[in-house]
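S.K.: Here it is: the structure, laid out below.
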Amino acid sequence: MKTNVKTILLQWLRIVAGLLVFAFGVHLTIYANIGLAPWDCLGMGISYHTPLNYGLSMTAMGVAILCLDLLLRERIGFGTVIDALLTGNFVQMFNDLNPLPENHRLWLGIAVMLLGFVFMALGMLVYMKAAQGCGPRDSLLVGLGKRLKRLPIGVVEILLWSVVTLIGALLGGPVGVGTLISTFGAGAVMQLVYSLLRFEPREIVHRDILTVSRELIGREETK
């Protein structure tokens with residue numbers, strides 16, 4: 001059975017909806033005010049030294065990472081491109097709309113950050129079910145992992161996050177206990193959420209831009 005245009009458009013709406021939920025989760029980790037996750041730390045650091053706000057900094061960084069993914073010959077889907085263009089701006093929107101005063105309590109910050117991880121996991125679940133590509137940063141990790149085959153992918157991830165955090169910190173990005181919690185806690189919360197919802201992301205077969213384009217014009221059948 002061929003995938004029709006309506007189905008693919010609904011998948012794109014699913015991606016956008018998932019990214020909105022994910023972005024709200026990221027916003028909560030920023031509002032926690034106890035230190036940012038590595039990529040957010042870098043994005044915030046860039047915003048301090050350019051005319052760009054956080055959202056546009058993350059968008060510019062997403063596009064740059066997307067170019068690296070292409071250089072590493074990773075498969076890019078429409079979801080990857082939509083992620084690069086929208087997520088940072090969605091986070092900025094939530095940051096601008098937040099009416100609450102800045103948080104200065106550590107334990108509240110930890111609780112808010114953990115809640116943010118839950119929303120991020122749920123957003124990724126919705127996004128990934130569209131099966132139109134991983135996010136740019138995930139694709140970069142996979143691409144680097146393929147070229148550093150002697151290292152476990154977890155070690156590659158830690159090395160990548162360490163470099164990103166160092167650059168972000170040098171640019172003045174917020175680093176704190178939340179950075180450590182993000183590095184080790186986000187994955188654990190994600191695994192818990194996916195286990196409770198019985199969702200296995202590795203079972204999803206993502207389609208790249210060429211495949212979906214062929215589906216749009218009715219030249220390829222879905223499996």
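Please note that chains go A, B, ... in the order of the structure tokens, that every chain numbers its residues from 1, and that ligands are numbered from 1 in the order shown.
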Which residues are close to Gly62 of chain A, i.e. within 9 Å by only C-alpha atoms, leaving aside same-chain residues fewer than 5 positions away? Reply as a PyMOL selection string.
M.R.: chain A and resi 57+67+81+83-85+87-88+135-137
S.K.: Residues near segment 194-210 of chain A, anyone? I mean within 6 Å using only C-alpha atoms, not counting same-chain ones fewer than 2 positions away, as a list in words.
M.R.: Arg75, Ile76, Gly77, Phe78, Ala131, Gln132, Gly133, Gln191, Leu192, Val212 and Ser213 of chain A
S.K.: Here is a test: counting only C-alpha atoms, which residue of A:Glu157, A:Ser162, A:Met120, A:Tyr48 is nearest to Leu180 of chain A?
M.R.: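 Comparing A:Glu157, A:Ser162, A:Met120, A:Tyr48 against Leu180 of chain A, the winner is A:Ser162.
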S.K.: Quick one: residues within 9 Å of Glu102 of chain A, only C-alpha atoms, excluding same-chain residues fewer than 5 positions away - as a CSV table (one decimal) with C-alpha atoms, in the first residue's frame?
M.R.:
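result-v3.csv was written with the following content:
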chain,number,residue,atom,x,y,z
A,31,TYR,CA,14.2,27.2,34.1
A,32,ALA,CA,15.7,24.8,36.8
A,33,ASN,CA,18.7,27.2,36.8
S.K.: Within segment 42-140 of chain A, find each residue whose DSSP state, derived from the backbone, is helix (DSSP H, G or I), and express the selection as number ranges by chain.
M.R.: A: 42-48, 54-71, 78-97, 106-128, 136-140
